$ cat final_16.cif   # mmCIF, C-alpha atoms (C1' of nucleotides)
data_target
loop_
_atom_site.group_PDB
_atom_site.id
_atom_site.type_symbol
_atom_site.label_atom_id
_atom_site.label_comp_id
_atom_site.auth_asym_id
_atom_site.auth_seq_id
_atom_site.Cartn_x
_atom_site.Cartn_y
_atom_site.Cartn_z
ATOM 1 C CA MET R 1 15.673 7.572 138.597
ATOM 2 C CA PRO R 2 18.725 7.536 140.751
ATOM 3 C CA GLU R 3 16.873 8.450 143.885
ATOM 4 C CA LEU R 4 17.017 6.771 147.259
ATOM 5 C CA PRO R 5 15.647 3.365 146.127
ATOM 6 C CA GLU R 6 18.037 3.124 143.189
ATOM 7 C CA VAL R 7 21.071 4.134 145.218
ATOM 8 C CA GLU R 8 20.087 1.826 148.066
ATOM 9 C CA THR R 9 19.766 -1.058 145.606
ATOM 10 C CA ILE R 10 23.231 -0.313 144.273
ATOM 11 C CA ARG R 11 24.558 -0.076 147.831
ATOM 12 C CA GLY R 12 23.238 -3.518 148.694
ATOM 13 C CA LYS R 13 24.781 -5.107 145.615
ATOM 14 C CA LEU R 14 28.137 -3.433 146.142
ATOM 15 C CA GLU R 15 28.127 -4.705 149.704
ATOM 16 C CA LYS R 16 27.559 -8.193 148.402
ATOM 17 C CA TYR R 17 30.247 -8.040 145.732
ATOM 18 C CA LEU R 18 32.962 -5.798 147.106
ATOM 19 C CA ILE R 19 33.398 -6.366 150.836
ATOM 20 C CA GLY R 20 36.816 -7.807 151.572
ATOM 21 C CA HIS R 21 38.212 -7.068 148.155
ATOM 22 C CA LYS R 22 41.416 -5.130 147.790
ATOM 23 C CA ILE R 23 41.830 -2.313 145.327
ATOM 24 C CA THR R 24 44.956 -2.920 143.293
ATOM 25 C CA GLY R 25 44.747 -0.033 140.855
ATOM 26 C CA VAL R 26 42.631 2.930 139.778
ATOM 27 C CA GLU R 27 42.458 4.489 136.350
ATOM 28 C CA SER R 28 40.606 7.719 135.817
ATOM 29 C CA HIS R 29 40.412 10.325 133.118
ATOM 30 C CA TYR R 30 37.178 11.713 134.514
ATOM 31 C CA LYS R 31 36.752 15.448 134.804
ATOM 32 C CA ASN R 32 34.562 15.091 137.907
ATOM 33 C CA PHE R 33 37.086 12.965 139.797
ATOM 34 C CA GLU R 34 38.773 14.611 142.770
ATOM 35 C CA GLY R 35 41.536 13.230 144.916
ATOM 36 C CA GLN R 36 44.475 10.875 144.634
ATOM 37 C CA GLU R 37 43.869 7.533 142.944
ATOM 38 C CA ASP R 38 46.929 6.116 144.712
ATOM 39 C CA ASP R 39 45.361 6.644 148.131
ATOM 40 C CA LEU R 40 43.026 3.754 147.368
ATOM 41 C CA VAL R 41 45.604 1.218 146.261
ATOM 42 C CA GLY R 42 46.145 -1.536 148.820
ATOM 43 C CA GLY R 43 42.976 -0.739 150.737
ATOM 44 C CA ARG R 44 40.307 -3.373 151.301
ATOM 45 C CA VAL R 45 36.621 -2.590 151.090
ATOM 46 C CA LYS R 46 35.102 -2.793 154.537
ATOM 47 C CA GLY R 47 31.695 -1.175 154.116
ATOM 48 C CA ILE R 48 29.351 0.682 151.809
ATOM 49 C CA LYS R 49 27.360 3.562 153.222
ATOM 50 C CA ARG R 50 24.655 5.743 151.759
ATOM 51 C CA TYR R 51 23.906 9.378 152.478
ATOM 52 C CA GLY R 52 20.659 10.246 150.741
ATOM 53 C CA LYS R 53 21.541 9.631 147.078
ATOM 54 C CA VAL R 54 25.308 9.509 147.707
ATOM 55 C CA LEU R 55 27.403 6.358 148.155
ATOM 56 C CA ALA R 56 30.592 5.990 150.170
ATOM 57 C CA ILE R 57 32.820 2.946 149.769
ATOM 58 C CA ASP R 58 34.953 2.734 152.909
ATOM 59 C CA LEU R 59 38.362 1.068 152.818
ATOM 60 C CA ASP R 60 40.402 -0.312 155.697
ATOM 61 C CA ASN R 61 43.272 2.073 154.967
ATOM 62 C CA GLY R 62 41.407 5.159 156.115
ATOM 63 C CA PHE R 63 40.194 6.332 152.731
ATOM 64 C CA SER R 64 36.765 6.343 151.099
ATOM 65 C CA VAL R 65 35.429 6.628 147.575
ATOM 66 C CA VAL R 66 32.425 8.945 147.572
ATOM 67 C CA ILE R 67 30.134 8.767 144.555
ATOM 68 C CA HIS R 68 27.126 10.707 143.329
ATOM 69 C CA ILE R 69 25.826 9.077 140.138
ATOM 70 C CA LYS R 70 23.411 11.920 139.314
ATOM 71 C CA LEU R 71 21.389 10.983 136.223
ATOM 72 C CA THR R 72 23.398 8.521 134.196
ATOM 73 C CA GLY R 73 26.183 7.184 136.393
ATOM 74 C CA GLN R 74 26.498 3.403 136.529
ATOM 75 C CA LEU R 75 28.618 1.253 138.834
ATOM 76 C CA ILE R 76 29.218 -2.075 137.168
ATOM 77 C CA TYR R 77 30.918 -5.018 138.824
ATOM 78 C CA ARG R 78 32.571 -7.705 136.746
ATOM 79 C CA GLY R 79 34.387 -10.676 138.123
ATOM 80 C CA PRO R 80 34.281 -14.171 139.531
ATOM 81 C CA ASN R 81 31.942 -13.204 142.385
ATOM 82 C CA LEU R 82 29.173 -13.130 139.841
ATOM 83 C CA LYS R 83 28.404 -16.826 139.661
ATOM 84 C CA ALA R 84 27.298 -16.718 136.073
ATOM 85 C CA ALA R 85 28.211 -13.341 134.682
ATOM 86 C CA PRO R 86 24.826 -12.032 133.586
ATOM 87 C CA GLU R 87 24.358 -10.311 130.317
ATOM 88 C CA LEU R 88 24.693 -6.563 130.642
ATOM 89 C CA SER R 89 21.562 -4.529 130.134
ATOM 90 C CA LYS R 90 21.685 -2.617 126.861
ATOM 91 C CA LYS R 91 21.392 0.494 128.993
ATOM 92 C CA VAL R 92 25.080 0.060 129.715
ATOM 93 C CA ILE R 93 25.865 1.918 126.545
ATOM 94 C CA GLY R 94 29.189 0.894 125.093
ATOM 95 C CA GLY R 95 29.614 -1.872 127.666
ATOM 96 C CA VAL R 96 32.465 -2.128 130.167
ATOM 97 C CA PRO R 97 35.068 -1.117 129.756
ATOM 98 C CA GLY R 98 33.789 1.073 126.969
ATOM 99 C CA LYS R 99 33.269 4.437 125.431
ATOM 100 C CA HIS R 100 31.542 5.814 128.532
ATOM 101 C CA THR R 101 33.752 4.241 131.188
ATOM 102 C CA GLN R 102 35.142 7.146 133.183
ATOM 103 C CA VAL R 103 36.863 5.337 136.019
ATOM 104 C CA THR R 104 38.130 1.773 136.408
ATOM 105 C CA PHE R 105 38.801 0.264 139.832
ATOM 106 C CA LYS R 106 40.918 -2.852 139.540
ATOM 107 C CA LEU R 107 40.403 -5.281 142.407
ATOM 108 C CA ASP R 108 42.152 -8.432 143.526
ATOM 109 C CA LYS R 109 41.029 -11.866 142.322
ATOM 110 C CA GLY R 110 40.364 -10.575 138.825
ATOM 111 C CA ASP R 111 37.514 -8.282 139.767
ATOM 112 C CA TYR R 112 36.722 -4.888 138.316
ATOM 113 C CA LEU R 113 34.386 -2.093 139.299
ATOM 114 C CA TYR R 114 33.647 0.293 136.448
ATOM 115 C CA TYR R 115 32.104 3.728 136.634
ATOM 116 C CA ASN R 116 30.243 4.554 133.431
ATOM 117 C CA ASP R 117 28.528 7.890 132.922
ATOM 118 C CA VAL R 118 27.134 8.888 129.543
ATOM 119 C CA ARG R 119 26.320 12.470 130.420
ATOM 120 C CA ARG R 120 29.178 12.911 132.889
ATOM 121 C CA PHE R 121 27.121 14.726 135.490
ATOM 122 C CA GLY R 122 28.110 12.428 138.337
ATOM 123 C CA TRP R 123 31.102 12.965 140.596
ATOM 124 C CA ILE R 124 33.606 10.875 142.506
ATOM 125 C CA LYS R 125 35.787 12.092 145.351
ATOM 126 C CA ILE R 126 38.553 10.320 147.231
ATOM 127 C CA VAL R 127 38.701 11.550 150.812
ATOM 128 C CA LYS R 128 39.715 10.287 154.211
ATOM 129 C CA THR R 129 36.877 8.304 155.732
ATOM 130 C CA ASN R 130 36.647 10.656 158.672
ATOM 131 C CA GLN R 131 36.174 13.558 156.254
ATOM 132 C CA VAL R 132 33.285 12.104 154.261
ATOM 133 C CA GLU R 133 30.695 13.849 156.369
ATOM 134 C CA ASN R 134 32.517 17.129 155.933
ATOM 135 C CA ILE R 135 32.000 17.140 152.178
ATOM 136 C CA PRO R 136 29.765 20.197 151.798
ATOM 137 C CA PHE R 137 27.148 18.381 149.749
ATOM 138 C CA ILE R 138 26.803 15.667 152.384
ATOM 139 C CA ARG R 139 26.972 18.036 155.327
ATOM 140 C CA LYS R 140 24.031 20.011 153.977
ATOM 141 C CA LEU R 141 21.741 17.018 153.397
ATOM 142 C CA GLY R 142 18.516 16.978 155.361
ATOM 143 C CA PRO R 143 17.144 13.960 157.238
ATOM 144 C CA GLU R 144 15.961 11.034 155.150
ATOM 145 C CA PRO R 145 12.956 8.742 155.273
ATOM 146 C CA LYS R 146 13.994 5.474 156.907
ATOM 147 C CA VAL R 147 12.866 2.815 154.498
ATOM 148 C CA ALA R 148 15.792 0.428 154.313
ATOM 149 C CA PRO R 149 17.307 -1.673 157.052
ATOM 150 C CA GLY R 150 20.748 -0.952 155.649
ATOM 151 C CA PRO R 151 23.282 1.379 157.195
ATOM 152 C CA SER R 152 22.378 4.741 155.823
ATOM 153 C CA VAL R 153 24.046 7.357 157.926
ATOM 154 C CA GLN R 154 21.497 10.128 157.538
ATOM 155 C CA ALA R 155 19.328 11.117 160.470
ATOM 156 C CA ALA R 156 15.770 9.853 160.306
ATOM 157 C CA LEU R 157 12.995 12.039 158.980
ATOM 158 C CA THR R 158 10.497 11.896 161.817
ATOM 159 C CA PHE R 159 6.973 13.172 161.394
ATOM 160 C CA GLU R 160 7.786 16.037 163.766
ATOM 161 C CA LEU R 161 10.726 17.069 161.596
ATOM 162 C CA PHE R 162 8.649 16.714 158.461
ATOM 163 C CA ARG R 163 5.892 18.991 159.759
ATOM 164 C CA ASN R 164 8.467 21.464 160.891
ATOM 165 C CA ILE R 165 10.127 21.523 157.462
ATOM 166 C CA LEU R 166 6.786 22.053 155.718
ATOM 167 C CA SER R 167 5.753 24.798 158.109
ATOM 168 C CA LYS R 168 8.766 26.942 157.295
ATOM 169 C CA THR R 169 8.172 27.632 153.639
ATOM 170 C CA SER R 170 5.514 28.643 151.186
ATOM 171 C CA ARG R 171 7.232 26.939 148.268
ATOM 172 C CA PRO R 172 5.188 24.320 146.415
ATOM 173 C CA VAL R 173 5.280 21.112 148.422
ATOM 174 C CA LYS R 174 6.721 19.097 145.512
ATOM 175 C CA ILE R 175 9.719 21.400 145.311
ATOM 176 C CA VAL R 176 10.293 20.962 149.032
ATOM 177 C CA LEU R 177 10.147 17.163 148.778
ATOM 178 C CA MET R 178 12.911 17.238 146.190
ATOM 179 C CA ASP R 179 15.089 19.737 148.063
ATOM 180 C CA GLN R 180 17.928 17.577 149.385
ATOM 181 C CA GLU R 181 18.782 20.149 152.027
ATOM 182 C CA LYS R 182 15.305 19.812 153.494
ATOM 183 C CA LEU R 183 14.936 16.053 153.249
ATOM 184 C CA SER R 184 17.238 13.723 151.377
ATOM 185 C CA GLY R 185 16.567 10.844 149.028
ATOM 186 C CA VAL R 186 13.420 11.881 147.177
ATOM 187 C CA GLY R 187 13.628 12.916 143.534
ATOM 188 C CA ASN R 188 11.127 13.559 140.784
ATOM 189 C CA ILE R 189 9.694 10.091 140.235
ATOM 190 C CA TYR R 190 8.957 9.255 143.865
ATOM 191 C CA ALA R 191 7.815 12.809 144.630
ATOM 192 C CA ASN R 192 5.166 12.526 141.916
ATOM 193 C CA ASP R 193 4.021 9.144 143.172
ATOM 194 C CA ALA R 194 3.958 10.107 146.849
ATOM 195 C CA LEU R 195 1.886 13.207 146.120
ATOM 196 C CA TRP R 196 -0.626 11.206 144.135
ATOM 197 C CA LEU R 197 -0.826 8.517 146.809
ATOM 198 C CA ALA R 198 -1.440 11.153 149.473
ATOM 199 C CA LYS R 199 -3.946 13.010 147.250
ATOM 200 C CA VAL R 200 -1.937 16.188 147.585
ATOM 201 C CA ASN R 201 -1.659 18.771 144.813
ATOM 202 C CA PRO R 202 2.052 19.343 144.060
ATOM 203 C CA LYS R 203 1.519 23.110 143.875
ATOM 204 C CA THR R 204 0.113 23.376 147.382
ATOM 205 C CA GLN R 205 2.176 25.728 149.483
ATOM 206 C CA ALA R 206 4.053 23.552 151.955
ATOM 207 C CA ARG R 207 2.906 25.503 154.975
ATOM 208 C CA GLN R 208 -0.731 25.184 153.927
ATOM 209 C CA LEU R 209 -0.803 21.433 154.494
ATOM 210 C CA ASP R 210 -2.756 20.577 157.613
ATOM 211 C CA SER R 211 -1.640 17.907 160.009
ATOM 212 C CA GLU R 212 -3.746 15.226 158.372
ATOM 213 C CA ALA R 213 -2.473 15.973 154.861
ATOM 214 C CA ALA R 214 1.089 16.083 156.141
ATOM 215 C CA ARG R 215 0.567 12.725 157.804
ATOM 216 C CA GLN R 216 -0.782 11.210 154.586
ATOM 217 C CA LEU R 217 2.142 12.590 152.635
ATOM 218 C CA TYR R 218 4.690 11.453 155.212
ATOM 219 C CA GLU R 219 3.355 7.919 155.016
ATOM 220 C CA ALA R 220 3.090 8.020 151.230
ATOM 221 C CA ILE R 221 6.751 9.005 150.901
ATOM 222 C CA HIS R 222 7.813 6.009 152.946
ATOM 223 C CA LYS R 223 5.489 3.714 151.076
ATOM 224 C CA VAL R 224 6.625 4.654 147.566
ATOM 225 C CA LEU R 225 10.307 4.532 148.503
ATOM 226 C CA LYS R 226 9.801 1.047 149.912
ATOM 227 C CA GLU R 227 8.037 0.013 146.717
ATOM 228 C CA GLY R 228 10.956 1.401 144.756
ATOM 229 C CA ILE R 229 13.395 -0.715 146.729
ATOM 230 C CA LYS R 230 11.165 -3.751 146.430
ATOM 231 C CA TYR R 231 11.295 -3.516 142.631
ATOM 232 C CA GLY R 232 15.008 -2.794 142.566
ATOM 233 C CA GLY R 233 14.597 0.820 141.462
ATOM 234 C CA SER R 234 13.349 2.461 138.290
ATOM 235 C CA SER R 235 15.245 1.918 135.042
ATOM 236 C CA GLU R 236 13.264 4.491 133.101
ATOM 237 C CA LEU R 237 16.516 6.010 131.895
ATOM 238 C CA ALA R 238 20.055 4.822 132.538
ATOM 239 C CA TYR R 239 19.867 3.168 135.939
ATOM 240 C CA VAL R 240 21.214 -0.368 136.254
ATOM 241 C CA THR R 241 22.448 -2.400 139.225
ATOM 242 C CA PRO R 242 26.108 -3.399 139.675
ATOM 243 C CA ASP R 243 25.395 -6.780 138.086
ATOM 244 C CA GLY R 244 24.197 -4.990 134.967
ATOM 245 C CA LYS R 245 20.478 -5.597 135.444
ATOM 246 C CA GLU R 246 17.535 -3.241 135.316
ATOM 247 C CA GLY R 247 15.038 -2.490 138.059
ATOM 248 C CA SER R 248 11.320 -2.680 137.405
ATOM 249 C CA TYR R 249 9.710 0.144 139.356
ATOM 250 C CA GLN R 250 9.102 1.947 136.058
ATOM 251 C CA ASP R 251 6.371 -0.646 135.444
ATOM 252 C CA HIS R 252 4.735 0.129 138.787
ATOM 253 C CA THR R 253 4.697 3.911 139.016
ATOM 254 C CA LEU R 254 1.535 5.425 140.430
ATOM 255 C CA ALA R 255 1.551 8.758 138.611
ATOM 256 C CA TYR R 256 4.995 9.379 137.107
ATOM 257 C CA GLY R 257 4.973 9.055 133.341
ATOM 258 C CA ARG R 258 1.228 8.313 133.176
ATOM 259 C CA GLU R 259 0.141 11.356 131.219
ATOM 260 C CA GLY R 260 -3.115 10.663 129.397
ATOM 261 C CA GLU R 261 -3.870 7.458 131.301
ATOM 262 C CA PRO R 262 -6.999 7.211 133.451
ATOM 263 C CA CYS R 263 -6.624 7.518 137.203
ATOM 264 C CA GLU R 264 -7.304 4.031 138.508
ATOM 265 C CA ARG R 265 -8.285 5.309 141.925
ATOM 266 C CA CYS R 266 -11.067 7.782 141.204
ATOM 267 C CA HIS R 267 -11.884 6.914 137.570
ATOM 268 C CA LYS R 268 -12.913 10.522 137.130
ATOM 269 C CA ALA R 269 -10.015 11.941 135.168
ATOM 270 C CA LYS R 270 -6.864 11.279 133.221
ATOM 271 C CA PHE R 271 -3.400 12.182 134.412
ATOM 272 C CA VAL R 272 -2.132 15.487 133.143
ATOM 273 C CA LYS R 273 1.462 16.626 132.874
ATOM 274 C CA TYR R 274 2.872 20.059 133.425
ATOM 275 C CA PHE R 275 6.151 21.576 134.514
ATOM 276 C CA LEU R 276 6.744 22.674 138.068
ATOM 277 C CA GLY R 277 10.156 24.011 138.956
ATOM 278 C CA GLY R 278 11.320 22.827 135.559
ATOM 279 C CA ARG R 279 10.421 19.190 136.317
ATOM 280 C CA GLY R 280 7.794 16.961 134.746
ATOM 281 C CA THR R 281 4.852 16.803 137.129
ATOM 282 C CA TYR R 282 2.024 14.278 136.800
ATOM 283 C CA VAL R 283 -1.281 14.685 138.592
ATOM 284 C CA CYS R 284 -4.811 13.404 138.606
ATOM 285 C CA PRO R 285 -6.815 16.644 138.467
ATOM 286 C CA ALA R 286 -9.775 14.960 140.165
ATOM 287 C CA CYS R 287 -8.136 13.493 143.231
ATOM 288 C CA GLN R 288 -5.225 15.863 143.829
ATOM 289 C CA LYS R 289 -7.122 19.040 144.561
ATOM 290 C "C1'" DC K 10 15.115 35.867 150.298
ATOM 291 C "C1'" DA K 11 12.270 33.201 146.936
ATOM 292 C "C1'" DC K 12 11.866 31.705 142.683
ATOM 293 C "C1'" DT K 13 13.135 30.841 137.630
ATOM 294 C "C1'" DT K 14 16.102 29.835 133.959
ATOM 295 C "C1'" DG K 15 20.241 28.091 132.034
ATOM 296 C "C1'" DA K 16 24.164 25.102 132.208
ATOM 297 C "C1'" DC K 17 26.235 20.763 132.642
ATOM 298 C "C1'" DC K 18 26.102 16.428 128.659
ATOM 299 C "C1'" DT K 19 24.521 12.767 125.384
ATOM 300 C "C1'" DG K 20 21.229 9.280 123.702
ATOM 301 C "C1'" DT K 21 16.616 8.416 122.357
ATOM 302 C "C1'" DC K 22 12.459 9.335 120.414
ATOM 303 C "C1'" DC K 23 9.192 11.870 117.643
ATOM 304 C "C1'" DG K 24 7.716 14.288 113.586
ATOM 305 C "C1'" DC K 25 8.606 15.751 108.936
ATOM 306 C "C1'" DT Z 4 16.587 6.860 105.908
ATOM 307 C "C1'" DG Z 5 18.054 11.364 107.703
ATOM 308 C "C1'" DC Z 6 17.800 15.368 110.428
ATOM 309 C "C1'" DG Z 7 16.456 18.852 113.761
ATOM 310 C "C1'" DG Z 8 14.505 19.540 118.115
ATOM 311 C "C1'" DA Z 9 12.463 18.360 122.483
ATOM 312 C "C1'" DC Z 10 13.238 15.805 126.455
ATOM 313 C "C1'" DA Z 11 15.103 13.124 130.259
ATOM 314 C "C1'" DG Z 12 16.121 13.273 136.029
ATOM 315 C "C1'" DG Z 13 20.074 15.857 139.888
ATOM 316 C "C1'" DT Z 14 22.338 19.756 141.204
ATOM 317 C "C1'" DC Z 15 24.692 24.289 140.878
ATOM 318 C "C1'" DA Z 16 25.211 29.046 139.411
ATOM 319 C "C1'" DA Z 17 23.502 33.143 137.793
ATOM 320 C "C1'" DG Z 18 19.743 36.151 136.946
ATOM 321 C "C1'" DT Z 19 15.165 38.444 138.155
#
$ encode --input "final_16.cif" --output "structure tokens"
Amino acid sequence: MPELPEVETIRGKLEKYLIGHKITGVESHYKNFEGQEDDLVGGRVKGIKRYGKVLAIDLDNGFSVVIHIKLTGQLIYRGPNLKAAPELSKKVIGGVPGKHTQVTFKLDKGDYLYYNDVRRFGWIKIVKTNQVENIPFIRKLGPEPKVAPGPSVQAALTFELFRNILSKTSRPVKIVLMDQEKLSGVGNIYANDALWLAKVNPKTQARQLDSEAARQLYEAIHKVLKEGIKYGGSSELAYVTPDGKEGSYQDHTLAYGREGEPCERCHKAKFVKYFLGGRGTYVCPACQK
DNA sequence: CACTTGACCTGTCCGC
DNA sequence: TGCGGACAGGTCAAGT
């Protein structure tokens, strides 16, 4: 769920709601929070960047808030910028502020940005803006598929790079797609869908893919990520946008979650599910040879 | 080095 | 209605 399309959707909304706003206070009791809350106070939001699945909120005082929401992190904006404050999705368990609010960012003009995280896997770091790209996790990220016009900072995943990445390993191609150090942004849902769209078996050794299969897969990755963005992300689990709404990609998945359903493309088989690398993997046995 | 399993956490859903 | 157990995606650490 929080893969590139979800994080990009959040990025766009934060840009809309937060730019120009000053942080007037930060309250955190979160175990995965690193850095000095006070470094943010007085800074104004000047931009929101994305590195793969990671967000960076840049302030005009030289500091940034870097956030990885992992599985259940939620960034919820509340305040007058929301014309009519929409009802919060019930996926915002406990509401805001609430039982699962880990960090509260108080902004000027009566605004708040809340970080909720039920399972507390996500992390937040306060660092100087010029040090964001030195955070080890971000430094190690591979190039990402360019599917959004927005200012992601990651290098583009060209077809040349993609072929090169595949050629260097015999790991199953699905595992490679989800390896953020090889390419960034793709997680389990979109990996499943891209493989189905490209008619590639997830277990295929990456280096066994010929140029044509690699091309199909390369294009499929871009296509499914764009679809994800178009539908505002997948709210299968805990994902919601900063205005508290759900995305709808979960209603448009190609293969993910479709165990037992007929394959609408070949009509020859039903989707089966198995585990690959510990992750739910959905394939049509007839068209993903 | 490649690959697998367990850990991190809690809510939801499923079966009895 | 209650309860135990499996399961969920993202990443890291430890084990084989």
$ closest_atom_pairs --input "final_16.cif" --of "chain K" --to "chain R" --cutoff "10 Å" --atoms "only C-alpha atoms (C1' of nucleotides)" --output "Markdown table"
| residue | atom | partner | partner_atom | distance |
| --- | --- | --- | --- | --- |
| K:DA11 | C1' | R:Arg171 | CA | 8.1 |
| K:DC12 | C1' | R:Arg171 | CA | 8.7 |
| K:DT13 | C1' | R:Gly277 | CA | 7.6 |
| K:DT14 | C1' | R:Gly278 | CA | 8.6 |
| K:DC17 | C1' | R:Phe121 | CA | 6.7 |
| K:DC18 | C1' | R:Arg119 | CA | 4.3 |
| K:DT19 | C1' | R:Arg119 | CA | 5.4 |
| K:DG20 | C1' | R:Val118 | CA | 8.3 |
| K:DT21 | C1' | R:Leu237 | CA | 9.8 |
$ interface_residues --input "final_16.cif" --of "chain Z" --to "chain R" --cutoff "12 Å" --atoms "all atoms listed in the file" --output "PyMOL selection string"
chain Z and resi 10-15
$ residues_near_point --input "final_16.cif" --point "(24.4, 29.3, 138.5)" --cutoff "10 Å" --atoms "all atoms listed in the file" --output "ChimeraX atom specification"
/K:14-16 /Z:15-18
$ closest_residue --input "final_16.cif" --among "R:Val92, R:Leu4, R:Leu177, R:Ile76" --to "Gly150 of chain R" --atoms "only C-alpha atoms"
R:Leu4
$ residues_around --input "final_16.cif" --residues "DC25 of chain K" --least-positions-apart "5" --cutoff "12 Å" --atoms "all atoms listed in the file" --output "list in words"
DG5, DC6, DG7 and DG8 of chain Z
$ residues_around --input "final_16.cif" --residues "Pro80 of chain R" --least-positions-apart "3" --cutoff "8 Å" --atoms "all atoms listed in the file" --output "ChimeraX atom specification"
/R:83,85,109-111
$ atom_distance --input "final_16.cif" --atom1 "atom CA of Tyr112 of chain R" --atom2 "atom CA of Gly247 of chain R"
21.8 Å
$ resolve_selection --input "final_16.cif" --expression "the PyMOL selection byres ((chain R and resi 42) around 10)" --output "PyMOL selection string"
chain R and resi 21-25+38-41+43-45+59-61+107-108
$ resolve_selection --input "final_16.cif" --expression "the PyMOL selection byres ((chain R and resi 228) around 9)" --output "CSV table (one decimal) with C-alpha atoms, keeping the file's coordinate frame"
chain,number,residue,atom,x,y,z
R,4,LEU,CA,17.0,6.8,147.3
R,5,PRO,CA,15.6,3.4,146.1
R,6,GLU,CA,18.0,3.1,143.2
R,190,TYR,CA,9.0,9.3,143.9
R,223,LYS,CA,5.5,3.7,151.1
R,224,VAL,CA,6.6,4.7,147.6
R,225,LEU,CA,10.3,4.5,148.5
R,226,LYS,CA,9.8,1.0,149.9
R,227,GLU,CA,8.0,0.0,146.7
R,229,ILE,CA,13.4,-0.7,146.7
R,230,LYS,CA,11.2,-3.8,146.4
R,231,TYR,CA,11.3,-3.5,142.6
R,232,GLY,CA,15.0,-2.8,142.6
R,233,GLY,CA,14.6,0.8,141.5
R,234,SER,CA,13.3,2.5,138.3
R,247,GLY,CA,15.0,-2.5,138.1
R,248,SER,CA,11.3,-2.7,137.4
R,249,TYR,CA,9.7,0.1,139.4
R,250,GLN,CA,9.1,1.9,136.1
R,252,HIS,CA,4.7,0.1,138.8
R,253,THR,CA,4.7,3.9,139.0
$ residues_around --input "final_16.cif" --residues "segment 192-205 of chain R" --least-positions-apart "5" --cutoff "7 Å" --atoms "only C-alpha atoms (C1' of nucleotides)" --output "CSV table (one decimal) with C-alpha atoms, in the coordinates of the input"
chain,number,residue,atom,x,y,z
R,170,SER,CA,5.5,28.6,151.2
R,171,ARG,CA,7.2,26.9,148.3
R,172,PRO,CA,5.2,24.3,146.4
R,173,VAL,CA,5.3,21.1,148.4
R,174,LYS,CA,6.7,19.1,145.5
R,216,GLN,CA,-0.8,11.2,154.6
R,217,LEU,CA,2.1,12.6,152.6
R,220,ALA,CA,3.1,8.0,151.2
R,221,ILE,CA,6.8,9.0,150.9
R,224,VAL,CA,6.6,4.7,147.6
R,253,THR,CA,4.7,3.9,139.0
R,254,LEU,CA,1.5,5.4,140.4
R,255,ALA,CA,1.6,8.8,138.6
R,256,TYR,CA,5.0,9.4,137.1
R,281,THR,CA,4.9,16.8,137.1
R,282,TYR,CA,2.0,14.3,136.8
R,283,VAL,CA,-1.3,14.7,138.6
R,287,CYS,CA,-8.1,13.5,143.2
R,288,GLN,CA,-5.2,15.9,143.8
R,289,LYS,CA,-7.1,19.0,144.6
$ atom_distance --input "final_16.cif" --atom1 "atom CA of Pro97 of chain R" --atom2 "atom CA of Lys13 of chain R"
19.3 Å
$ residues_around --input "final_16.cif" --residues "Lys245 of chain R" --least-positions-apart "3" --cutoff "10 Å" --atoms "all atoms listed in the file" --output "list in words"
Ile76, Pro86, Glu87, Leu88, Ser89, Lys90, Lys91, Val92, Gly232, Ser235, Tyr239, Val240, Thr241, Pro242 and Ser248 of chain R
$ residues_around --input "final_16.cif" --residues "Cys266 of chain R" --least-positions-apart "4" --cutoff "10 Å" --atoms "all atoms listed in the file" --output "PyMOL selection string"
chain R and resi 262+270+284+286-287
$ resolve_selection --input "final_16.cif" --expression "the PyMOL selection byres ((chain K and resi 23) around 9)" --output "ChimeraX atom specification"
/K:22,24 /Z:9
$ axis_aligned_box --input "final_16.cif" --around "segment 176-183 of chain R" --padding-each-side "6 Å" --output "lines of an AutoDock Vina configuration file"
center_x = 14.5
center_y = 18.5
center_z = 149.8
size_x = 20.6
size_y = 16.9
size_z = 19.3
$ atom_distance --input "final_16.cif" --atom1 "atom CA of Tyr77 of chain R" --atom2 "atom CA of Tyr114 of chain R"
6.4 Å
$ build_atoms --input "final_16.cif" --residues "segment 53-60 of chain R" --atoms "N, CA and C atoms" --output "JSON list (two decimals), in the coordinates of the input"
[["chain", "number", "residue", "atom", "x", "y", "z"],
["R", 53, "LYS", "N", 21.27, 10.25, 148.38],
["R", 53, "LYS", "CA", 21.54, 9.63, 147.08],
["R", 53, "LYS", "C", 23.04, 9.41, 146.83],
["R", 54, "VAL", "N", 23.86, 9.61, 147.87],
["R", 54, "VAL", "CA", 25.31, 9.51, 147.71],
["R", 54, "VAL", "C", 25.82, 8.21, 148.32],
["R", 55, "LEU", "N", 26.79, 7.58, 147.66],
["R", 55, "LEU", "CA", 27.40, 6.36, 148.16],
["R", 55, "LEU", "C", 28.81, 6.64, 148.66],
["R", 56, "ALA", "N", 29.21, 5.92, 149.70],
["R", 56, "ALA", "CA", 30.59, 5.99, 150.17],
["R", 56, "ALA", "C", 31.10, 4.57, 150.35],
["R", 57, "ILE", "N", 32.17, 4.25, 149.62],
["R", 57, "ILE", "CA", 32.82, 2.95, 149.77],
["R", 57, "ILE", "C", 34.00, 3.15, 150.72],
["R", 58, "ASP", "N", 33.91, 2.55, 151.90],
["R", 58, "ASP", "CA", 34.95, 2.73, 152.91],
["R", 58, "ASP", "C", 36.00, 1.63, 152.83],
["R", 59, "LEU", "N", 37.26, 2.04, 152.85],
["R", 59, "LEU", "CA", 38.36, 1.07, 152.82],
["R", 59, "LEU", "C", 38.99, 0.95, 154.20],
["R", 60, "ASP", "N", 39.78, -0.11, 154.38],
["R", 60, "ASP", "CA", 40.40, -0.31, 155.70],
["R", 60, "ASP", "C", 41.72, 0.45, 155.85]]
